[in-house]
Structure formats: structure tokens, C-alpha cells
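As stored in final-v4.cif (mmCIF, C-alpha atoms):
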data_input
loop_
_atom_site.label_atom_id
_atom_site.label_comp_id
_atom_site.auth_asym_id
_atom_site.auth_seq_id
_atom_site.Cartn_x
_atom_site.Cartn_y
_atom_site.Cartn_z
CA MET Q 1 -1.73 8.61 -17.14
CA LEU Q 2 -1.70 12.12 -15.68
CA SER Q 3 0.11 10.89 -12.58
CA PHE Q 4 2.81 9.32 -14.79
CA ILE Q 5 3.25 12.57 -16.72
CA LYS Q 6 3.40 14.55 -13.49
CA ALA Q 7 5.99 12.21 -11.97
CA GLU Q 8 8.15 12.09 -15.11
CA SER Q 9 8.04 15.89 -15.51
CA PHE Q 10 9.08 16.31 -11.90
CA LYS Q 11 11.96 13.84 -12.25
CA LEU Q 12 13.23 15.36 -15.50
CA SER Q 13 12.96 18.92 -14.19
CA LYS Q 14 15.20 17.91 -11.26
CA LYS Q 15 17.85 16.49 -13.59
CA LEU Q 16 19.38 19.71 -14.86
CA LYS Q 17 22.02 17.94 -16.96
CA SER Q 18 19.42 15.85 -18.79
CA TRP Q 19 17.26 18.68 -20.08
CA LEU Q 20 19.60 21.66 -20.12
CA GLY Q 21 22.49 19.73 -21.70
CA PRO Q 22 20.74 19.04 -25.04
CA LEU Q 23 19.48 22.63 -25.25
CA LEU Q 24 23.00 23.96 -24.76
CA VAL Q 25 24.37 21.51 -27.34
CA MET Q 26 21.78 22.78 -29.82
CA VAL Q 27 22.65 26.43 -29.18
CA LEU Q 28 26.39 25.76 -29.32
CA VAL Q 29 26.22 23.87 -32.61
CA LEU Q 30 23.96 26.48 -34.19
CA ILE Q 31 26.36 29.26 -33.19
CA ALA Q 32 29.64 27.45 -33.75
CA PHE Q 33 28.96 25.72 -37.05
CA PRO Q 34 28.42 28.85 -39.19
CA LEU Q 35 31.45 30.48 -37.55
CA SER Q 36 33.68 27.55 -38.37
CA ILE Q 37 33.00 27.52 -42.14
CA ASP Q 38 33.58 30.23 -44.65
CA ILE Q 39 30.15 30.93 -46.08
CA SER Q 40 28.89 34.40 -46.86
CA GLN Q 41 25.65 35.61 -45.33
CA TYR Q 42 24.03 35.27 -48.74
CA ASP Q 43 24.81 31.57 -48.84
CA LEU Q 44 24.18 30.97 -45.17
CA ASP Q 45 20.40 31.30 -45.39
CA LYS Q 46 20.44 28.49 -47.96
CA PHE Q 47 22.62 26.19 -45.90
CA TYR Q 48 21.40 27.04 -42.44
CA PHE Q 49 18.51 24.61 -42.52
CA SER Q 50 20.94 21.74 -43.04
CA ILE Q 51 22.83 22.84 -39.94
CA ILE Q 52 19.58 22.91 -37.99
CA VAL Q 53 18.63 19.42 -39.18
CA VAL Q 54 22.01 17.96 -38.17
CA SER Q 55 21.88 19.77 -34.79
CA LEU Q 56 18.39 18.43 -34.21
CA LEU Q 57 19.54 14.90 -34.87
CA MET Q 58 22.51 15.28 -32.53
CA THR Q 59 20.57 16.83 -29.67
CA ALA Q 60 17.76 14.26 -29.88
CA PHE Q 61 20.49 11.62 -29.77
CA VAL Q 62 22.06 13.17 -26.67
CA ALA Q 63 18.74 13.90 -24.95
CA THR Q 64 17.51 10.31 -25.05
CA GLU Q 65 20.70 8.75 -23.76
CA GLY Q 66 19.91 7.10 -20.43
CA MET Q 67 16.16 7.62 -20.80
CA PHE Q 68 15.33 4.28 -19.16
CA GLU Q 69 18.72 3.38 -17.75
CA GLU Q 70 18.24 5.18 -14.44
CA ASP Q 71 14.87 3.50 -13.77
CA PHE Q 72 16.40 0.14 -14.63
CA GLU Q 73 19.45 0.64 -12.43
CA ASP Q 74 17.59 1.82 -9.32
CA GLY Q 75 14.83 -0.81 -9.50
CA SER Q 76 11.98 1.57 -10.39
CA LEU Q 77 11.17 -0.51 -13.49
CA GLU Q 78 10.51 -3.59 -11.34
CA GLN Q 79 8.21 -1.58 -9.09
CA GLU Q 80 6.41 -0.23 -12.14
CA PHE Q 81 5.96 -3.72 -13.54
CA LEU Q 82 4.35 -4.88 -10.29
CA LYS Q 83 1.85 -2.04 -10.41
CA GLU Q 84 0.96 -1.96 -14.09
CA LYS Q 85 2.13 -5.34 -15.48
CA ASP Q 86 3.62 -3.56 -18.48
CA PHE Q 87 5.44 -0.32 -19.24
CA TYR Q 88 3.20 1.18 -21.92
CA LYS Q 89 1.92 4.08 -19.82
CA LEU Q 90 5.36 4.76 -18.40
CA VAL Q 91 7.01 4.78 -21.83
CA ILE Q 92 4.38 6.93 -23.51
CA SER Q 93 4.48 9.41 -20.60
CA LYS Q 94 8.28 9.52 -20.60
CA ILE Q 95 8.47 10.20 -24.34
CA PHE Q 96 5.72 12.82 -24.06
CA VAL Q 97 7.56 14.61 -21.23
CA TYR Q 98 10.90 14.46 -23.04
CA VAL Q 99 9.34 15.86 -26.21
CA CYS Q 100 7.59 18.64 -24.25
CA LEU Q 101 10.50 19.61 -21.99
CA ILE Q 102 13.40 19.06 -24.39
CA GLY Q 103 12.09 18.45 -27.92
CA ILE Q 104 9.83 21.49 -28.21
CA PRO Q 105 12.35 23.94 -26.70
CA ILE Q 106 14.95 22.54 -29.13
CA ALA Q 107 12.52 23.09 -32.01
CA PHE Q 108 11.91 26.63 -30.80
CA ILE Q 109 15.64 27.35 -30.65
CA GLY Q 110 16.04 25.89 -34.15
CA ALA Q 111 13.22 28.04 -35.52
CA LEU Q 112 14.59 31.13 -33.76
CA PHE Q 113 18.07 30.63 -35.22
CA SER Q 114 16.71 30.05 -38.72
CA PHE Q 115 14.90 33.39 -38.48
CA ALA Q 116 18.06 35.06 -37.19
CA ASN Q 117 19.95 33.75 -40.20
CA GLY Q 118 17.81 35.15 -42.94
CA VAL Q 119 14.79 32.84 -43.17
CA ALA Q 120 11.60 34.87 -43.58
CA ILE Q 121 9.76 35.59 -40.34
CA GLY Q 122 6.57 34.22 -41.89
CA SER Q 123 8.21 30.81 -42.00
CA PHE Q 124 8.95 30.77 -38.26
CA GLY Q 125 5.75 28.88 -37.37
CA ARG Q 126 6.26 26.37 -40.16
CA VAL Q 127 9.87 25.67 -39.21
CA PHE Q 128 8.89 25.31 -35.55
CA LEU Q 129 6.09 22.86 -36.44
CA LEU Q 130 8.37 20.74 -38.63
CA LEU Q 131 11.16 20.61 -36.09
CA SER Q 132 8.69 19.67 -33.32
CA LEU Q 133 7.25 16.86 -35.43
CA SER Q 134 10.74 15.65 -36.29
CA ASN Q 135 11.65 15.61 -32.62
CA LEU Q 136 8.55 13.55 -31.85
CA LEU Q 137 9.74 10.95 -34.36
CA LEU Q 138 13.39 11.07 -33.32
CA PHE Q 139 12.66 10.80 -29.60
CA ASN Q 140 10.49 7.73 -30.22
CA LEU Q 141 13.19 6.08 -32.32
CA PHE Q 142 16.06 6.84 -29.96
CA ALA Q 143 13.96 5.79 -26.96
CA PHE Q 144 13.59 2.44 -28.69
CA GLY Q 145 17.36 2.22 -29.14
CA ASN Q 146 17.87 3.15 -25.51
CA ALA Q 147 15.46 0.44 -24.33
CA LEU Q 148 17.12 -2.17 -26.54
CA SER Q 149 20.46 -2.12 -24.78
CA ILE Q 150 19.56 -0.77 -21.38
CA ASN Q 151 21.94 -3.02 -19.44
CA LYS Q 152 24.71 -3.01 -22.01
CA GLY Q 153 25.41 0.71 -22.21
CA ALA Q 154 22.44 2.67 -23.41
CA MET Q 155 24.51 4.61 -25.94
CA LEU Q 156 25.10 1.40 -27.91
CA GLY Q 157 21.36 0.99 -28.42
CA VAL Q 158 20.92 4.60 -29.44
CA LEU Q 159 23.68 4.09 -32.01
CA SER Q 160 21.99 0.96 -33.33
CA SER Q 161 18.76 2.91 -33.84
CA LEU Q 162 20.55 5.74 -35.63
CA PRO Q 163 19.88 4.28 -39.12
CA LEU Q 164 16.15 4.47 -38.33
CA ALA Q 165 16.53 8.21 -37.92
CA LEU Q 166 17.81 8.69 -41.48
CA PRO Q 167 14.34 8.50 -43.12
CA VAL Q 168 13.18 11.16 -40.64
CA THR Q 169 16.09 13.36 -41.69
CA ILE Q 170 15.26 12.84 -45.37
CA LEU Q 171 11.61 13.66 -44.69
CA LEU Q 172 12.59 16.78 -42.77
CA GLY Q 173 14.86 17.82 -45.66
CA ARG Q 174 11.95 17.44 -48.08
CA ALA Q 175 9.69 19.44 -45.74
CA ILE Q 176 12.22 22.23 -45.49
CA ARG Q 177 12.52 22.39 -49.27
CA SER Q 178 8.77 22.80 -49.36
CA ILE Q 179 9.10 25.87 -47.12
CA GLN Q 180 11.95 27.33 -49.17
CA TYR Q 181 10.13 26.92 -52.49
CA GLY Q 182 6.56 27.24 -51.18
CA ASP Q 183 5.63 23.86 -52.58
CA GLY Q 184 3.68 21.01 -50.94
CA PHE Q 185 4.21 22.05 -47.31
CA PHE Q 186 0.75 20.90 -46.24
CA ALA Q 187 1.20 17.45 -47.81
CA VAL Q 188 4.58 16.83 -46.17
CA THR Q 189 3.38 18.11 -42.79
CA THR Q 190 0.30 15.88 -42.95
CA LEU Q 191 2.53 12.94 -43.75
CA MET Q 192 4.76 13.73 -40.78
CA VAL Q 193 1.77 14.12 -38.44
CA GLY Q 194 0.45 10.75 -39.64
CA ILE Q 195 3.76 8.99 -39.16
CA GLY Q 196 4.20 10.75 -35.82
CA LEU Q 197 0.85 9.51 -34.54
CA MET Q 198 1.51 5.95 -35.70
CA VAL Q 199 5.02 5.84 -34.26
CA SER Q 200 3.84 7.38 -30.97
CA ALA Q 201 1.19 4.69 -30.60
CA ILE Q 202 3.20 1.65 -31.73
CA MET Q 203 6.72 2.40 -30.53
CA PRO Q 204 5.82 2.46 -26.78
CA LEU Q 205 4.42 -1.08 -27.19
CA ILE Q 206 7.72 -2.29 -28.67
CA ILE Q 207 9.76 -0.41 -26.07
CA SER Q 208 7.57 -1.84 -23.31
CA ALA Q 209 8.28 -5.38 -24.55
CA ALA Q 210 12.02 -4.63 -24.72
CA LEU Q 211 12.04 -3.32 -21.15
CA LYS Q 212 10.16 -6.38 -19.91
CA THR Q 213 12.83 -8.59 -21.47
CA HIS Q 214 15.52 -6.68 -19.59
CA ILE Q 215 13.99 -7.01 -16.12
CA ASP Q 216 13.23 -10.73 -16.61
CA MET T 217 -7.00 -17.15 2.45
CA LYS T 218 -4.62 -18.55 -0.14
CA LEU T 219 -2.73 -15.81 -2.04
CA PHE T 220 -0.18 -17.78 -4.07
CA SER T 221 0.72 -21.40 -4.58
CA ALA T 222 3.86 -22.77 -6.17
CA GLN T 223 3.92 -26.24 -7.64
CA ASN T 224 7.20 -27.99 -8.44
CA ILE T 225 9.07 -24.78 -9.24
CA THR T 226 12.49 -25.28 -10.81
CA TYR T 227 14.87 -22.58 -11.94
CA SER T 228 18.04 -23.26 -13.91
CA ILE T 229 20.79 -21.05 -15.25
CA ASN T 230 22.84 -22.64 -18.04
CA GLU T 231 21.73 -26.17 -17.11
CA ASN T 232 22.67 -25.57 -13.44
CA LYS T 233 19.63 -25.97 -11.24
CA LEU T 234 19.42 -23.13 -8.72
CA PHE T 235 16.52 -24.91 -7.00
CA HIS T 236 14.20 -27.68 -8.08
CA ASN T 237 10.70 -29.00 -7.39
CA LEU T 238 9.80 -26.39 -4.81
CA SER T 239 6.18 -26.40 -3.70
CA PHE T 240 4.73 -24.03 -1.14
CA GLU T 241 1.77 -21.78 -0.42
CA ILE T 242 1.53 -18.17 0.62
CA ASN T 243 -1.51 -17.36 2.71
CA SER T 244 -2.87 -14.15 4.13
CA GLY T 245 -1.98 -13.66 7.78
CA GLU T 246 1.05 -15.93 7.46
CA GLY T 247 4.74 -15.36 6.89
CA LEU T 248 7.22 -17.33 4.80
CA HIS T 249 10.93 -16.93 5.50
CA ILE T 250 13.09 -18.03 2.56
CA LYS T 251 16.53 -19.05 3.79
CA GLY T 252 19.70 -20.09 1.99
CA GLY T 253 23.29 -19.17 1.37
CA ASN T 254 24.59 -16.63 -1.13
CA GLY T 255 23.62 -17.56 -4.66
CA SER T 256 21.07 -20.15 -3.56
CA GLY T 257 18.32 -18.37 -5.51
CA LYS T 258 16.39 -16.54 -2.77
CA SER T 259 16.01 -13.30 -4.72
CA THR T 260 15.21 -15.21 -7.92
CA LEU T 261 12.47 -17.10 -6.11
CA LEU T 262 10.96 -13.81 -4.91
CA ARG T 263 11.03 -12.49 -8.48
CA ILE T 264 9.33 -15.68 -9.68
CA ILE T 265 6.59 -15.26 -7.06
CA LEU T 266 6.10 -11.67 -8.23
CA GLY T 267 5.92 -12.70 -11.89
CA ILE T 268 8.98 -10.66 -12.87
CA THR T 269 10.99 -13.79 -13.74
CA SER T 270 9.56 -16.96 -15.25
CA PRO T 271 10.45 -20.34 -13.72
CA SER T 272 12.22 -22.92 -15.87
CA LYS T 273 9.61 -25.47 -14.84
CA GLY T 274 6.58 -25.55 -12.60
CA LEU T 275 3.65 -23.29 -11.95
CA ILE T 276 2.99 -20.25 -9.79
CA GLN T 277 -0.66 -19.56 -9.29
CA SER T 278 -2.10 -16.31 -7.98
CA TYR T 279 -5.58 -16.54 -6.48
CA ASP T 280 -6.36 -12.85 -6.66
CA GLN T 281 -5.51 -10.84 -9.74
CA ASP T 282 -6.14 -7.56 -7.89
CA LEU T 283 -3.75 -8.42 -5.09
CA LYS T 284 -1.90 -5.34 -3.81
CA ILE T 285 1.76 -6.23 -3.41
CA SER T 286 4.48 -4.15 -1.76
CA TYR T 287 7.95 -5.21 -2.79
CA LEU T 288 11.41 -4.18 -1.73
CA GLY T 289 14.18 -5.82 -3.73
CA HIS T 290 17.94 -5.46 -3.73
CA LYS T 291 17.53 -2.22 -5.63
CA ASN T 292 16.01 0.51 -3.50
CA ALA T 293 13.98 2.24 -6.22
CA ILE T 294 14.79 5.65 -4.79
CA LYS T 295 16.10 8.61 -6.76
CA ASN T 296 19.49 9.84 -5.60
CA TYR T 297 19.05 13.30 -7.09
CA LEU T 298 15.89 13.96 -5.06
CA THR T 299 15.53 14.66 -1.34
CA PRO T 300 13.84 12.06 0.90
CA VAL T 301 10.70 14.20 0.99
CA GLU T 302 10.63 14.53 -2.80
CA ASN T 303 11.11 10.77 -3.14
CA LEU T 304 8.11 10.16 -0.91
CA GLU T 305 6.00 12.78 -2.68
CA LEU T 306 6.78 11.00 -5.94
CA LEU T 307 5.40 7.74 -4.54
CA PHE T 308 2.54 8.73 -2.30
CA GLY T 309 -0.33 11.13 -2.04
CA GLY T 310 -3.00 11.93 0.54
CA ASP T 311 -3.14 9.77 3.68
CA GLU T 312 -0.30 7.47 2.56
CA LEU T 313 2.00 10.47 2.29
CA ASN T 314 1.19 11.45 5.88
CA VAL T 315 1.94 7.89 7.02
CA ALA T 316 5.20 8.01 5.04
CA PHE T 317 6.20 11.27 6.79
CA GLU T 318 5.43 9.68 10.16
CA TRP T 319 7.78 6.81 9.29
CA LEU T 320 10.41 9.32 8.15
CA ASN T 321 10.17 10.89 11.59
CA SER T 322 10.11 7.55 13.35
CA PHE T 323 13.27 6.41 11.54
CA GLY T 324 15.07 9.58 12.59
CA LEU T 325 15.41 10.90 9.06
CA SER T 326 13.35 14.05 9.43
CA HIS T 327 16.45 16.24 9.99
CA LEU T 328 17.77 14.97 6.62
CA GLN T 329 14.57 15.53 4.71
CA ASP T 330 15.99 18.35 2.60
CA GLU T 331 19.34 16.70 1.88
CA LEU T 332 19.91 14.90 -1.41
CA THR T 333 19.35 11.16 -1.03
CA ALA T 334 22.76 10.58 -2.61
CA SER T 335 24.37 12.08 0.48
CA LEU T 336 22.61 9.68 2.89
CA SER T 337 24.40 6.62 4.25
CA PHE T 338 23.55 3.10 3.03
CA GLY T 339 21.44 2.41 6.13
CA GLN T 340 19.57 5.70 5.84
CA GLN T 341 18.83 4.99 2.17
CA LYS T 342 17.58 1.53 3.14
CA LYS T 343 15.25 3.08 5.73
CA LEU T 344 13.90 5.44 3.08
CA ALA T 345 13.34 2.50 0.73
CA LEU T 346 11.54 0.60 3.48
CA ILE T 347 9.09 3.48 3.92
CA ARG T 348 7.83 2.64 0.41
CA VAL T 349 6.66 -0.69 1.82
CA LEU T 350 5.65 0.48 5.28
CA ALA T 351 3.45 3.38 4.21
CA GLN T 352 1.56 1.44 1.55
CA SER T 353 -1.57 -0.53 2.31
CA SER T 354 -1.16 -3.95 0.73
CA ASP T 355 -2.30 -7.57 0.87
CA LEU T 356 1.16 -9.07 0.49
CA LEU T 357 4.61 -7.85 1.55
CA VAL T 358 7.59 -9.22 -0.35
CA LEU T 359 10.93 -8.20 1.12
CA ASP T 360 14.39 -9.15 -0.06
CA GLU T 361 16.89 -8.88 2.82
CA PRO T 362 15.00 -6.10 4.62
CA PHE T 363 17.34 -6.05 7.65
CA VAL T 364 20.62 -5.51 5.76
CA GLY T 365 22.25 -2.22 6.74
CA LEU T 366 19.81 -1.45 9.54
CA ASP T 367 20.71 -0.66 13.14
CA GLN T 368 19.15 -2.81 15.91
CA THR T 369 16.50 -0.23 16.84
CA THR T 370 15.24 0.00 13.25
CA ALA T 371 15.38 -3.78 12.81
CA ASP T 372 13.20 -4.11 15.94
CA GLN T 373 10.77 -1.53 14.52
CA ILE T 374 10.54 -3.51 11.26
CA ASN T 375 10.05 -6.79 13.11
CA SER T 376 7.28 -5.25 15.18
CA PHE T 377 5.65 -3.74 12.07
CA LEU T 378 5.75 -7.07 10.22
CA ALA T 379 4.26 -8.94 13.19
CA GLN T 380 1.47 -6.38 13.36
CA LYS T 381 0.79 -6.69 9.61
CA ILE T 382 0.60 -10.49 9.82
CA SER T 383 -1.86 -10.21 12.70
CA GLN T 384 -3.96 -7.90 10.48
CA GLY T 385 -4.14 -10.62 7.81
CA VAL T 386 -1.41 -9.43 5.46
CA GLY T 387 0.75 -12.11 3.80
CA LEU T 388 4.53 -11.87 4.11
CA VAL T 389 7.40 -13.41 2.16
CA LEU T 390 10.93 -12.39 3.05
CA THR T 391 14.46 -13.51 2.51
CA SER T 392 16.99 -12.92 5.24
CA HIS T 393 20.20 -14.35 6.60
CA ILE T 394 19.01 -13.17 10.01
CA THR T 395 16.11 -15.15 11.46
CA PRO T 396 13.28 -12.63 11.82
CA MET T 397 11.71 -12.21 15.27
CA ILE T 398 8.31 -13.07 13.93
CA ASP T 399 6.43 -16.34 13.63
CA CYS T 400 7.12 -17.55 10.07
CA ALA T 401 7.20 -20.79 8.15
CA ALA T 402 10.68 -21.45 6.74
CA LEU T 403 11.74 -22.55 3.29
CA ASP T 404 15.40 -23.52 3.15
CA LEU T 405 16.88 -23.33 -0.35
CA GLY T 406 20.20 -24.61 0.98
CA ALA T 407 18.49 -27.89 1.90
CA ASN T 408 16.79 -27.94 -1.52
CA ASN T 409 20.14 -27.65 -3.30
CA ALA T 410 21.80 -30.31 -1.20
#

Go through the file and emit its structure as C-alpha cells.
Amino acid sequence: MLSFIKAESFKLSKKLKSWLGPLLVMVLVLIAFPLSIDISQYDLDKFYFSIIVVSLLMTAFVATEGMFEEDFEDGSLEQEFLKEKDFYKLVISKIFVYVCLIGIPIAFIGALFSFANGVAIGSFGRVFLLLSLSNLLLFNLFAFGNALSINKGAMLGVLSSLPLALPVTILLGRAIRSIQYGDGFFAVTTLMVGIGLMVSAIMPLIISAALKTHID
Amino acid sequence: MKLFSAQNITYSINENKLFHNLSFEINSGEGLHIKGGNGSGKSTLLRIILGITSPSKGLIQSYDQDLKISYLGHKNAIKNYLTPVENLELLFGGDELNVAFEWLNSFGLSHLQDELTASLSFGQQKKLALIRVLAQSSDLLVLDEPFVGLDQTTADQINSFLAQKISQGVGLVLTSHITPMIDCAALDLGANNA
């Protein structure tokens, strides 16, 4: 498994557009959105979380586009299948690397911007944790969408999995309310960790089956 | 030693039979040259042997589940945004990486080792893809049109390498429009379709 993670990290780090692009999109949206609407600073700290949630959804969407497409196009998936007979390790490693190299930095940027826009500094860690957990869920879901339509334009698959991301957004909204009003943060976070663990274990199995169908 | 056997393999696409009732064996220390025109199903047959594609009818039996297979298909499985050296480092480690570097040198690619693979010519990319097969120790080599895009010197090197591997007891299955300069049994899909 370690060799998979090492290889995927190396590949992703060499694809500047793939990891830097989503981070820049996140920063741009977080800067541009408040500038483009007429909300006073007093109101902004109330609304800013919503902007972060939408930005998170968009950047996760962009980051996972083409996640498996390149390996499918250049024949790496076939080689992988010959070695391992399935794609479980590859998928789980890929999602892990994407979450670590793109998802967590995005969560950090989100938390940093929320602090810069009036959210109490004590909430920084909580916001960062929630955004990281949300990214774990979103990356798994969009990776599934990507694998579904790998040879028919990966974006189509990501779009088809977009409705699955709505419950994550609702959950994240509830979690953020718990930070704002100091109510039930632990319960919501535990729920997100639980769902995150389940999705991270099950989704790679489904994605692996979808990829196998495509190379057949 | 028997590595694979195929019994009455048939493959159809939309009711059109690409090939039908093919039976053959793949043994260690022997080569099998799959011949046939464009679209006769050579690459599909290789994918069936490898277990990537399922046959419409018939049975492929592998006699060793731990068989180490090296495969080069139509797709090169190399990353265009990496250099040749980085591509090899991604695939190999230890002794195999040293062997891969020797092949890189032998194929005359060492002066391009720090260039992006995307900037290499088709033939140079093919050579790099072949190193994946050449540097790996395996029990069976499966090659889909290995000579396409290669100059005569490299084709001779590959022929000599394959002959050496067969003499060492490695099994070989290849498709090619060019008759390889090695002693191989032939399976003609053109004749099967006729």
C-alpha cells in the first residue's frame, strides 16, 4: 500500500495543474465572492461559512475531474489489473493522496479565510477539522462519479454524482451551525467521522468494480 | 510446463464473431505468434489470455495463479508529464531499476533522460514502454505489436532478447504483422475467420 501512496503522491506532485488549480480556485472564490456582493462586515461573518461550503464543493468537484481518466487513457489501469487483479489498493491510495495533497490544504485555506473574516480564532481548529472531513466525503463521492464515466468524459460522471454531495453539504451546514451556536459539535463531528470511515472503506470497492467494467 | 490453455474460445461483438472455437496452449520456453489482419481480434485475444476481457464462449485456464506476466499493449502505460528516468523510477526499484537504466542506455535514450516523455518521438516512447517488459523478471511475456515504430537495430535487439528469454524458459505470446525472427508457433486469426 505504501508503494501505491508513494507513486500516486509523486505523480500528483508532478501535475501542477491538478493540485494547484483547485487551491487557486478556492482562494479566488473566497476572495471574489465577498467583494462581489454588498454585505457589511457585520453580516459577512454570518454568511462567510456558506461561501466556504460552496467553494469547498466546487473545488472538490474540480480537483477530482480526471482522477482515473489519465490512467485509463495511457493503459496504466490494465497494467495495474494484471498485477493486483483489482483496483482497491490503487483507488484507496489515490483518494488518500488527493485528500492529503489537495483536500487538506483546501480545508486549511477555508479555515484561514473564516478566521480572517471574523470567525473566532478558537474555532479555527474546529472549522479545519470539519472542512477536512467534508473533503474526505466529497472526494470519495466525486471519485465514484469520475470512475463511472471514465471513457465518456469524466466530467459527466462527476456531474451525475453531484446529487450525492448534497447530503454532505447539509451535514456540513449543520456542523457549522453547531460551531456558531456552540451546540452539539462533538455529535456532528462524530457522525461525520463515522460516515467518512464507512465511505472510505466501501466506496473504493464500488469504484474498483466500475473501473474493471471500463477496461473489460 | 503448461502456462495457459484455451479451449474453444469464441469472441463476438454484436453477434459478429471475431474468432471462434480457438484452442491452443501456451507453454514455458515456447513462443506463440498470433497473426491476422486489422480487426481480426489479435489484441482482444491477448486481453482474453490476460483475463482483462472475458470470452463470449470457451475457457481459458491458467495453471499457475502466481504467474508473473509482463504485458505491453497498444497503450504504452507511460506518463507524458514525467521524464524517462522518472517513469522508470515509478515502475522499478533496486536491481530492476539498474537493468532498466542499462536498457535506456542500450536503446540510445540516455541523452533524453531528463526530457519530458511528451517531447519524445513515437519510436522513442515505444522503446521506453518496452523497457517496462525488458527490465522485469517474468514467467510470461505478452506483447501486442512490439515492433511497431521501432528502427531495425532496436527490432533486432528485441528479437535477440525474446529468443534469449525463450531459451531461459520464459513463455511468449505476441501479435505482429512482421514475422518475428524467433522460433514461434503461429496462430492465424485470418484463417480462423475465413

Expected selection from the PyMOL selection byres ((chain T and resi 243-247) around 8), given as a list in words
Met217, Lys218, Leu219, Phe220, Glu241, Ile242, Leu248, His249, Asp355, Leu356, Lys381, Ile382, Ser383, Gln384, Gly385, Val386, Gly387, Leu388, Val389, Leu390, Asp399, Cys400 and Ala401 of chain T

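Put simply, the PyMOL selection byres ((chain T) within 9 of (chain Q)) in this file takes in T:Arg263, T:Leu266, T:Gly267, T:Ile268, T:Thr269, T:Ser270, T:Lys284, T:Ile285, T:Ser286, T:Tyr287, T:Leu288, T:Gly289, T:His290, T:Lys291, T:Asn292, T:Ala293, T:Ile294, T:Lys295, T:Tyr297, T:Leu298, T:Leu306, T:Leu307.
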
Applying the PyMOL selection byres ((chain Q and resi 98) around 12) to the file I just gave you, which residues come out? Please list them as a PyMOL selection string.
chain Q and resi 5+8-13+15+18-20+22+59-60+62-68+91-97+99-106+132+135-140+142-143

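When CA of Leu197 (chain Q) is paired with CA of Ala120 (chain Q), their separation reads 29.0 Å.
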
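You can rank T:Lys343, T:Ala351, T:Pro271, T:Gly324 by their closest distance to Gly309 (chain T) using only C-alpha atoms, and at the top of that list sits T:Ala351.
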
Would you please work out which residue, of T:Gln373, T:Ser272, T:Thr333, T:Ser239, is nearest to Trp319 (chain T) when using only C-alpha atoms?
T:Gln373

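CA of Leu57 (chain Q) lies 16.0 Å from CA of Ile31 (chain Q).
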
Using all atoms listed in the file for the distances, tell me which of Q:Val193, Q:Ile121, Q:Met1, Q:Ile206 is nearest to Lys89 (chain Q).
Q:Met1

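The space separating CA of Phe33 (chain Q) from CA of Ser114 (chain Q) comes to 13.1 Å.
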
If we count all atoms listed in the file and set the cut-off at 12 Å, which residues sit around Ile179 (chain Q), ignoring sequence neighbours fewer than 4 positions away in its own chain? Please answer as a ChimeraX atom specification.
/Q:46,49,119-130,172-175,183-189

When you count all atoms listed in the file, which of these residues is closest to Ser337 (chain T): T:Tyr279, T:Ala316, T:Leu366, T:Leu359?
T:Leu366

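Here the question is which of Q:Leu16, Q:Ile109, Q:Ile51, Q:Ala147 gets nearest to Ala32 (chain Q) using all atoms listed in the file, and that residue is Q:Ile51.
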
If we count all atoms listed in the file, what is near Leu30 (chain Q) at a cut-off of 8 Å, once residues fewer than 2 positions away on the same chain are taken out, given as a PDB file with C-alpha atoms, in the frame of the given file?
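Written output follows (around18.pdb):
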ATOM      1  CA  MET Q  26      21.780  22.780 -29.820  1.00  0.00           C
ATOM      2  CA  VAL Q  27      22.650  26.430 -29.180  1.00  0.00           C
ATOM      3  CA  LEU Q  28      26.390  25.760 -29.320  1.00  0.00           C
ATOM      4  CA  ALA Q  32      29.640  27.450 -33.750  1.00  0.00           C
ATOM      5  CA  PHE Q  33      28.960  25.720 -37.050  1.00  0.00           C
ATOM      6  CA  PRO Q  34      28.420  28.850 -39.190  1.00  0.00           C
ATOM      7  CA  ILE Q  51      22.830  22.840 -39.940  1.00  0.00           C
ATOM      8  CA  ILE Q  52      19.580  22.910 -37.990  1.00  0.00           C
ATOM      9  CA  SER Q  55      21.880  19.770 -34.790  1.00  0.00           C
ATOM     10  CA  GLY Q 110      16.040  25.890 -34.150  1.00  0.00           C
ATOM     11  CA  PHE Q 113      18.070  30.630 -35.220  1.00  0.00           C
TER      12      PHE Q 113
END

I'd like the neighbourhood of Lys251 (chain T) as a compact mmCIF listing (two decimals) with C-alpha atoms, in the frame of the given file, where a residue qualifies if any of its atoms comes within 6 Å (using all atoms listed in the file), though same-chain residues fewer than 2 positions away should be ignored.
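After the write, result_1.txt holds the following:
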# COMPACT_ATOMS: atom_id res chain seq x y z
CA LEU T 403 11.74 -22.55 3.29
CA ASP T 404 15.40 -23.52 3.15
CA LEU T 405 16.88 -23.33 -0.35
